[in-house]
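First comes the structure, then the notes that go with it.
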Amino acid sequence: MKRLAILLVVLTLTAAACASSSTSEDTNATTTTAGESGGGGDSTTTAPPTTTIPPTAEDAGGTLTIGLFQEPDNLNPFLAVQTASRIIRDLVLEGLVDADPDGNYVAELAEVPSVEAGTISEDGLTVTYKLAEGVTWSDGEPFTSRDVQFTWEAVMDDANAVNSRNGYDKIVSIETPDDLTAVVTYSELFAPALSLFSIPEAILPAHELEGESFSEAAFNRIPEGTGPYMVTEWNSGQSIILDANPNYRVPDRPLIDRLIFKILPDQNAGIAQMRTGDIDVFWNIDTGVIDQFQGMDGVSIQVTPSSNIEYLGLNLSADSEPGNPHFAFSDPNVRAALAMAIDRTPIIENLLFGLSEAADSPIGLGWAAPQGLSNPAYDPAGAMALLEESGWVDTNGDGIREKDGKTLTLEISTPAGQQVRELTEQVLQEQFKAVGIELVINNVPAATLFGSWEENGKLKRGDFDIAMDTWGADLDPDAFLSTLFRSDQIPQESNGGEGWNFFRLQSDTLDAAIDAGRSTLDINARKDAYRTVVEEVLAAGVYIPLYKRSKLDAFSATVSGYAPNPWQEFTWNAEDWTVDK
Amino acid sequence: MLKFVGKRLLQAVPILIGISLVAFTLIQLTPGGPAAAFRGLANVSAEDLARIQAEFGFDRPLIIQYFTWLTRFVQGDWGISFVARQPVFGLIMERLPATLLLMFSGITVSLIISIPLGLLAAIKRDTWIDHALTFTSFVGLSIPVFWLGLMLIIVFSVWLGWFPTGGMGPPGEEVGIGTRLWYLTLPTVAISMVSLSFFTRYLRASMIETMDQDYMRFNKARGVPPMRRYMRHAFRNAGIPFVTVVAIHIPEFLVGALVVETIFSWPGTGRLFWDSALRFDYPVLMGVLVLGSLMVLASNLLADVMYGKLDPRVRLD
């Protein structure tokens, strides 16, 4: 009934706006997508509201109302899973380091440790943080190395039931020789060490949380932080109100006095409230309703690239066992032909309104993204030649190729009910048909596609030919690459369905490169390793990148100062924003 | 009377337990579950998942989980929300006033409008007024609430700009009674439309039935003035079943609130329930369900008690 309701309102609103119609696509429905992945690099805006003139004291002040169609679960960075949580808590809580738009680590509460500066030991096991001076929590208490130590203790405390201890469980000790130095010692090398305590997590206030369990803590709603804003009110189901932190260490920041996050039930409420001017900013517009916002006076769409890649995943096995070859995809020629048969232009221009870029790698953005890659050129003739070479020939004249009594009929699956994806499948159907491949669309609910081994999830069980999905690397791509491509992550009977290598790709070179990437903290050595990983994956032809997903936010023309940062949520630089009063 | 109420309250206890057991089982049978939210995160390992499961108690048999929940619940400990990590009781109580306000407003408006219309339709039976009212009532009964809500927003908020698109008031400001009523208008129209039509139809039927009685004809023959006949003699009698129907109908407003709150961003328990269902937040779901069941039982009790009070022929023991 909800889907019906959405459909209905979209249709009605569209009729009302006398604009061409397309139904909404739920960008949040990709359950396998890591909650906090971003992207890096260039960004475009359809109408830039950003000003190049630095704001002055006259521009300061005012109230900004932002619409969120998701209420944050809580604001504790170690308990929350909702993106909306990070949008708000990043304004209140800070990490030791932060990520700039290009995907580089930058100083936040501490300098960025490095081997050159002597703050990362040669063996990578000791990381020393030099904390910023003069930082206080919003209640005036000083921020010290004890807070860093406490954050680790809290994560490891069983009473706190945190979401993940990944990395924190490899820390042996945190020493605090003085108030502004924290020395973190690891039991074994942990390559994404710099993201700990920082992205998307943060430092917790020892003086507020010490001796208290996370469950029920008032902190989960009204956190004490060091950031530019502090939460002053949380009206469940209505709004979350943030006011400027008077003790914020950066002079003259934040510029806007008060941020009001209005909780809206869905995209349609966002469209209505943006029209009536009840909200100044609306977060995360579905591609399907983008034309609703484009028609509004004084509203511009901000396009922020992300590291989430829409891709086709090919199954090398007939079922879940990597040893049983797939009737068509076990032949590299067929995989290569598929890649050559795809023309991304109609998908990007017609279905995505030109707001996304073609993707050429599983790592789209950031320091780990290899430069200078290119997709196989769109070449239907070449694709047909490859298929002929492998013996796939149309013998009965029905337009579909056959070999050894089997027709070249492939099934594509994606979560049902997402219009942009369904239309993409139809485009692919036409393009594959042109080279003699029949594509059958078999979309299923997200839970069926991404379900666990026990739930007989189609990906886990290898019960598919081609899957269309979105996934992206975090700023540190180790977890993403390991779970998607390492041989021991092939879900199968013998490992109880662990891992997401549903391509069932086995490559020693690939495994070695993934391991090389996580065995050093030297960023250049890691870049080389990840180039090898990406090249291996692309050469195998099991992962066909389609396009980079963009994040789309609507801004009223009264708001200035937004800058896109693929690695963060859109509020990352809200302290620099101004609003016309 | 007191004995009757006491007996009914005692009967409510096993009913509530039964409802909670069924609800608990059904919720657990849904595919997915709270752990599903964590499963998709790349940095959450199998060990992390097992640790979280144990912390929430999902590693124990269902029946044990239920009795643990029940024991704590009757002691006033409604559990901790998996999502908000806050006590469930507090989460529900901060949302309840909004729902009660919406329900109260919906019931009041339904009655204020349906009583005169119902009387009018009965008195002017088979005239064009009655036919027009019948037609309007059927339209009102047939309109899906979600569609009506969306149309109200489009016409009166987006096009005409007369009313806010949703919420209970401008965020971050003290809300006076005028502003509150302004924000309450459209949600009230949406939530009362169906009941309003239903009440009108019911009262019309009830009045017509009463007016066809012999004593009404006798009244007329005696020369009692029409208004006196309608109001004093007919309405008094027709009103008895009407009051009962209204009381039994109260839970419909609770159900209506679920839809209306979601469309109008109204921060009540209906939206809390919907959000919690999407996020598999079992403790909150259970809390809202039990509270809802309590309200249904209370409305039924209210209907019986009022019937007994109003109709001297009924004795409650």
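Labeling convention for the structure tokens: chains A, B, ... as they appear, residues from 1 per chain, ligands from 1 in order of appearance.
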Give me, as a compact mmCIF listing (two decimals) with C-alpha atoms, in the first residue's frame, all polymer residues having an atom no more than 12 Å from Arg221 in chain A, counting only C-alpha atoms and skipping those fewer than 4 positions away in the same chain.
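As a result, around.txt now contains:
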```txt
# COMPACT_ATOMS: atom_id res chain seq x y z
CA GLU A 71 14.85 10.27 11.45
CA PRO A 72 18.29 9.43 12.84
CA ASP A 73 18.24 6.28 14.95
CA ASN A 74 20.55 7.84 17.51
CA LEU A 75 23.60 10.10 17.47
CA ASN A 76 26.13 7.72 18.98
CA PRO A 77 28.66 7.02 16.19
CA LEU A 79 25.60 2.51 17.65
CA ALA A 80 23.92 4.30 14.75
CA SER A 85 22.59 10.10 12.11
CA ILE A 88 23.65 15.50 12.26
CA ARG A 89 26.32 14.08 14.54
CA VAL A 92 28.52 17.95 16.89
CA PHE A 214 25.73 3.23 26.13
CA SER A 215 22.32 1.66 26.38
CA GLU A 216 19.92 4.34 27.61
CA ALA A 217 22.63 7.02 27.73
CA GLY A 225 30.80 17.36 21.36
CA MET A 230 25.34 21.30 19.68
CA VAL A 231 22.00 19.54 19.83
CA THR A 232 19.61 21.60 21.93
CA GLU A 233 16.32 19.86 21.19
CA TRP A 234 15.22 16.51 19.81
CA ASN A 235 11.46 16.50 19.21
CA SER A 236 10.85 12.93 18.23
CA ILE A 240 16.14 18.15 15.78
CA ILE A 241 17.48 21.58 16.60
CA LEU A 242 21.15 22.49 16.69
CA VAL B 83 17.25 1.90 17.20
CA ALA B 84 17.14 4.95 19.46
CA ARG B 85 18.86 3.19 22.40
CA GLN B 86 16.43 4.95 24.69
CA PRO B 87 13.76 3.53 27.04
CA LEU B 91 9.74 7.20 23.44
```
List every residue of chain A that has an atom at most 8 Å from any atom of chain B, giving for each one its closest atom pair and the distance in Å to one decimal, counting only C-alpha atoms, sorted by chain and then by ascending residue number, as a tab-separated table.
```
residue	atom	partner	partner_atom	distance
A:Ala5	CA	B:Phe146	CA	6.9
A:Leu8	CA	B:Trp147	CA	7.8
A:Val9	CA	B:Leu150	CA	6.8
A:Leu13	CA	B:Ile154	CA	7.7
A:Thr31	CA	B:Gly40	CA	5.8
A:Thr32	CA	B:Gly40	CA	4.7
A:Thr33	CA	B:Gly40	CA	6.5
A:Ala34	CA	B:Leu41	CA	4.8
A:Gly35	CA	B:Leu41	CA	6.2
A:Asp73	CA	B:Ala84	CA	4.8
A:Asn74	CA	B:Ala84	CA	4.9
A:Ala80	CA	B:Val83	CA	7.5
A:Val81	CA	B:Phe38	CA	7.2
A:Ala161	CA	B:Ile52	CA	5.8
A:Val162	CA	B:Ile52	CA	7.4
A:Asn163	CA	B:Val44	CA	6.5
A:Ser164	CA	B:Val44	CA	5.0
A:Arg165	CA	B:Asp48	CA	6.9
A:Asn166	CA	B:Asn43	CA	6.2
A:Phe214	CA	B:Arg85	CA	7.8
A:Ser215	CA	B:Arg85	CA	5.5
A:Glu216	CA	B:Gln86	CA	4.6
A:Ala217	CA	B:Gln86	CA	7.2
A:Ala218	CA	B:Gln86	CA	7.8
A:Asn220	CA	B:Arg85	CA	6.9
A:Arg221	CA	B:Ala84	CA	7.8
A:Ser236	CA	B:Pro267	CA	6.8
A:Gly237	CA	B:Pro267	CA	4.5
A:Gln238	CA	B:Pro267	CA	5.7
A:Ser239	CA	B:Pro171	CA	6.3
A:Ile241	CA	B:Gly172	CA	6.9
A:Ile260	CA	B:Pro171	CA	7.1
A:Lys262	CA	B:Pro171	CA	7.4
A:Ile263	CA	B:Ser265	CA	7.4
A:Leu264	CA	B:Ser265	CA	5.7
A:Pro265	CA	B:Ser265	CA	5.7
A:Ala269	CA	B:Thr165	CA	7.5
A:Ala272	CA	B:Val158	CA	6.2
A:Gln273	CA	B:Thr165	CA	6.5
A:Arg275	CA	B:Val158	CA	6.8
A:Thr276	CA	B:Val158	CA	6.0
A:Ala447	CA	B:Gly32	CA	7.5
A:Ala479	CA	B:Ala42	CA	6.2
A:Phe480	CA	B:Ala42	CA	6.5
A:Thr483	CA	B:Ala42	CA	7.4
```
Just the residues within 12 Å of Met295 in chain B, please, counting only C-alpha atoms, with nothing from its chain fewer than 6 positions along; format it as a compact mmCIF listing (two decimals) with N, CA and C atoms, in the first residue's frame.
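Wrote it out as result_5.txt, contents follow:
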```
# COMPACT_ATOMS: atom_id res chain seq x y z
N ALA B 12 -9.90 -8.36 30.76
CA ALA B 12 -8.97 -7.73 29.81
C ALA B 12 -7.56 -8.30 29.95
N LEU B 16 -5.21 -9.27 26.87
CA LEU B 16 -3.98 -8.52 26.57
C LEU B 16 -2.78 -9.45 26.44
N LEU B 96 2.69 10.10 22.40
CA LEU B 96 1.27 9.82 22.64
C LEU B 96 0.39 11.08 22.61
N LEU B 100 -3.18 11.51 20.63
CA LEU B 100 -4.44 11.76 21.35
C LEU B 100 -5.08 13.06 20.88
N MET B 103 -6.65 12.38 17.52
CA MET B 103 -7.85 11.56 17.66
C MET B 103 -9.00 12.37 18.24
N ALA B 247 -18.41 5.11 20.41
CA ALA B 247 -17.38 4.63 21.34
C ALA B 247 -16.62 3.44 20.75
N ILE B 248 -17.37 2.51 20.13
CA ILE B 248 -16.71 1.35 19.54
C ILE B 248 -15.83 1.78 18.36
N HIS B 249 -16.21 2.89 17.77
CA HIS B 249 -15.52 3.37 16.57
C HIS B 249 -14.21 4.09 16.89
N ILE B 250 -13.99 4.44 18.15
CA ILE B 250 -12.78 5.21 18.53
C ILE B 250 -11.49 4.57 18.00
N PRO B 251 -11.33 3.23 18.11
CA PRO B 251 -10.08 2.65 17.61
C PRO B 251 -9.84 2.92 16.12
N GLU B 252 -10.92 3.16 15.35
CA GLU B 252 -10.73 3.49 13.94
C GLU B 252 -9.87 4.74 13.78
N PHE B 253 -10.04 5.65 14.72
CA PHE B 253 -9.24 6.87 14.66
C PHE B 253 -7.76 6.56 14.93
N LEU B 254 -7.52 5.55 15.77
CA LEU B 254 -6.15 5.14 16.05
C LEU B 254 -5.52 4.58 14.77
N VAL B 255 -6.31 3.79 14.05
CA VAL B 255 -5.81 3.23 12.80
C VAL B 255 -5.62 4.34 11.77
N VAL B 288 3.83 -0.16 21.43
CA VAL B 288 2.72 0.53 20.75
C VAL B 288 1.54 -0.42 20.57
N LEU B 289 1.83 -1.68 20.23
CA LEU B 289 0.76 -2.66 20.03
C LEU B 289 -0.05 -2.88 21.30
N LEU B 301 -15.18 -0.99 26.54
CA LEU B 301 -15.72 -0.89 27.89
C LEU B 301 -16.55 0.38 28.03
N LEU B 302 -16.00 1.46 27.48
CA LEU B 302 -16.68 2.75 27.52
C LEU B 302 -18.05 2.65 26.84
```
Next on the checklist: Using DSSP assignments from the backbone, pull out every residue in range 133-257 of chain B that falls under helix (DSSP H, G or I) and give it to me as a VMD selection string.
Outcome noted: chain B and resid 133 to 142 145 to 159 177 to 211 214 to 222 226 to 257
Checklist entry - Which of range 262-459 of chain A counts as strand (DSSP E or B) under DSSP, as a ChimeraX atom specification please? => result /A:262-263,281-282,299-314,317,325,358,393,402-403,406-407,409-413,415,438-441,444
Next on the checklist: I'd like to know which of A:Gln267, A:Thr151, A:Ser330, A:Thr65 is closest to Val542 in chain A, using only C-alpha atoms.
Outcome noted: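 Using only C-alpha atoms, the shortest distance to Val542 in chain A belongs to A:Ser330.
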Item to check | Atomic distance CA of Val440 in chain A - CA of Thr470 in chain A, expressed in Å with one decimal | outcome: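 Taking CA of Val440 in chain A and CA of Thr470 in chain A, their separation equals 19.9 Å.
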Close residues, Ile400 in chain A itself excluded, 6 Å, only C-alpha atoms, min 3 positions apart in chain, as a PDB file with all heavy atoms, in the first residue's frame:
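For reference, around.pdb as written:
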```
ATOM      1  N   ASP A 394      24.031 -18.287 -34.057  1.00  0.00           N
ATOM      2  CA  ASP A 394      22.579 -18.417 -34.202  1.00  0.00           C
ATOM      3  C   ASP A 394      22.285 -19.376 -35.349  1.00  0.00           C
ATOM      4  O   ASP A 394      22.321 -18.998 -36.505  1.00  0.00           O
ATOM      5  CB  ASP A 394      21.964 -17.039 -34.472  1.00  0.00           C
ATOM      6  CG  ASP A 394      20.458 -17.126 -34.620  1.00  0.00           C
ATOM      7  OD1 ASP A 394      19.886 -18.159 -34.220  1.00  0.00           O
ATOM      8  OD2 ASP A 394      19.868 -16.172 -35.137  1.00  0.00           O
ATOM      9  N   GLY A 436      22.883 -10.793 -30.206  1.00  0.00           N
ATOM     10  CA  GLY A 436      22.432 -12.171 -30.181  1.00  0.00           C
ATOM     11  C   GLY A 436      22.367 -12.804 -28.799  1.00  0.00           C
ATOM     12  O   GLY A 436      22.428 -14.023 -28.661  1.00  0.00           O
ATOM     13  N   ILE A 437      22.253 -11.962 -27.764  1.00  0.00           N
ATOM     14  CA  ILE A 437      22.111 -12.502 -26.402  1.00  0.00           C
ATOM     15  C   ILE A 437      20.715 -12.137 -25.892  1.00  0.00           C
ATOM     16  O   ILE A 437      20.305 -10.975 -25.985  1.00  0.00           O
ATOM     17  CB  ILE A 437      23.172 -11.911 -25.443  1.00  0.00           C
ATOM     18  CG1 ILE A 437      24.580 -12.239 -25.942  1.00  0.00           C
ATOM     19  CG2 ILE A 437      22.959 -12.423 -24.025  1.00  0.00           C
ATOM     20  CD1 ILE A 437      25.672 -11.523 -25.181  1.00  0.00           C
TER      21      ILE A 437
END
```
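We find CA of Val145 in chain B and CA of Ile115 in chain B to be spaced 21.6 Å apart.
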Checklist entry - From the set B:Trp69, B:Phe89, B:Phe199, B:Phe242, which residue has the shortest atom-to-atom contact distance to Thr134 in chain B, counting only C-alpha atoms? => result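 Of the candidates, the smallest distance to Thr134 in chain B is held by B:Phe199.
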Would you kindly return, as a PDB file with N, CA and C atoms, in the first residue's frame, each protein, DNA or RNA residue with an atom no farther than 8 Å from any atom of range 489-505 of chain A, considering only C-alpha atoms and excluding same-chain residues fewer than 6 positions away?
```pdb
ATOM      1  N   GLY A 313      27.212  -7.697 -11.918  1.00  0.00           N
ATOM      2  CA  GLY A 313      28.049  -8.766 -11.382  1.00  0.00           C
ATOM      3  C   GLY A 313      27.724 -10.069 -12.083  1.00  0.00           C
ATOM      4  N   LEU A 314      28.739 -10.726 -12.644  1.00  0.00           N
ATOM      5  CA  LEU A 314      28.520 -11.964 -13.390  1.00  0.00           C
ATOM      6  C   LEU A 314      28.892 -13.166 -12.534  1.00  0.00           C
ATOM      7  N   ASN A 315      28.087 -14.192 -12.571  1.00  0.00           N
ATOM      8  CA  ASN A 315      28.310 -15.384 -11.753  1.00  0.00           C
ATOM      9  C   ASN A 315      29.110 -16.419 -12.550  1.00  0.00           C
ATOM     10  N   LEU A 316      30.304 -16.752 -12.045  1.00  0.00           N
ATOM     11  CA  LEU A 316      31.150 -17.704 -12.758  1.00  0.00           C
ATOM     12  C   LEU A 316      30.715 -19.148 -12.542  1.00  0.00           C
ATOM     13  N   SER A 317      29.835 -19.370 -11.556  1.00  0.00           N
ATOM     14  CA  SER A 317      29.459 -20.743 -11.216  1.00  0.00           C
ATOM     15  C   SER A 317      28.015 -21.033 -11.595  1.00  0.00           C
ATOM     16  N   SER A 320      26.277 -22.353  -6.050  1.00  0.00           N
ATOM     17  CA  SER A 320      27.118 -21.699  -5.060  1.00  0.00           C
ATOM     18  C   SER A 320      28.543 -22.237  -5.042  1.00  0.00           C
ATOM     19  N   GLU A 321      28.772 -23.422  -5.588  1.00  0.00           N
ATOM     20  CA  GLU A 321      30.113 -24.023  -5.518  1.00  0.00           C
ATOM     21  C   GLU A 321      31.012 -23.448  -6.604  1.00  0.00           C
ATOM     22  N   PRO A 322      32.150 -22.877  -6.231  1.00  0.00           N
ATOM     23  CA  PRO A 322      33.014 -22.256  -7.228  1.00  0.00           C
ATOM     24  C   PRO A 322      33.543 -23.261  -8.262  1.00  0.00           C
ATOM     25  N   SER A 452      20.603 -13.680   3.568  1.00  0.00           N
ATOM     26  CA  SER A 452      21.742 -14.442   4.072  1.00  0.00           C
ATOM     27  C   SER A 452      21.732 -15.860   3.489  1.00  0.00           C
ATOM     28  N   TRP A 453      22.771 -16.616   3.792  1.00  0.00           N
ATOM     29  CA  TRP A 453      22.881 -18.006   3.347  1.00  0.00           C
ATOM     30  C   TRP A 453      21.676 -18.800   3.832  1.00  0.00           C
ATOM     31  N   LEU A 459      22.144 -14.111  -4.208  1.00  0.00           N
ATOM     32  CA  LEU A 459      23.572 -13.864  -4.420  1.00  0.00           C
ATOM     33  C   LEU A 459      24.409 -14.861  -3.628  1.00  0.00           C
ATOM     34  N   LYS A 460      24.043 -15.037  -2.355  1.00  0.00           N
ATOM     35  CA  LYS A 460      24.793 -15.950  -1.493  1.00  0.00           C
ATOM     36  C   LYS A 460      24.787 -17.358  -2.064  1.00  0.00           C
ATOM     37  N   ARG A 461      23.635 -17.785  -2.601  1.00  0.00           N
ATOM     38  CA  ARG A 461      23.482 -19.155  -3.086  1.00  0.00           C
ATOM     39  C   ARG A 461      23.926 -19.322  -4.542  1.00  0.00           C
ATOM     40  N   GLY A 462      24.345 -18.221  -5.178  1.00  0.00           N
ATOM     41  CA  GLY A 462      24.777 -18.321  -6.577  1.00  0.00           C
ATOM     42  C   GLY A 462      23.631 -18.595  -7.518  1.00  0.00           C
ATOM     43  N   SER A 482      38.062  -6.674   0.136  1.00  0.00           N
ATOM     44  CA  SER A 482      38.229  -7.999   0.737  1.00  0.00           C
ATOM     45  C   SER A 482      36.932  -8.791   0.684  1.00  0.00           C
ATOM     46  N   THR A 483      35.836  -8.149   1.096  1.00  0.00           N
ATOM     47  CA  THR A 483      34.593  -8.906   1.205  1.00  0.00           C
ATOM     48  C   THR A 483      33.990  -9.203  -0.167  1.00  0.00           C
ATOM     49  N   VAL A 542      34.233 -10.080 -14.574  1.00  0.00           N
ATOM     50  CA  VAL A 542      33.043 -10.464 -13.808  1.00  0.00           C
ATOM     51  C   VAL A 542      32.327  -9.248 -13.230  1.00  0.00           C
ATOM     52  N   TYR A 543      33.028  -8.122 -13.209  1.00  0.00           N
ATOM     53  CA  TYR A 543      32.472  -6.888 -12.634  1.00  0.00           C
ATOM     54  C   TYR A 543      32.450  -5.853 -13.749  1.00  0.00           C
TER      55      TYR A 543
END
```
Next on the checklist: I need the residue nearest Ser195 in chain A from this list: A:Pro477, A:Gly561, A:Pro223, A:Pro362. Use only C-alpha atoms for the distance.
Outcome noted: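 Smallest separation from Ser195 in chain A among the options: A:Pro477.
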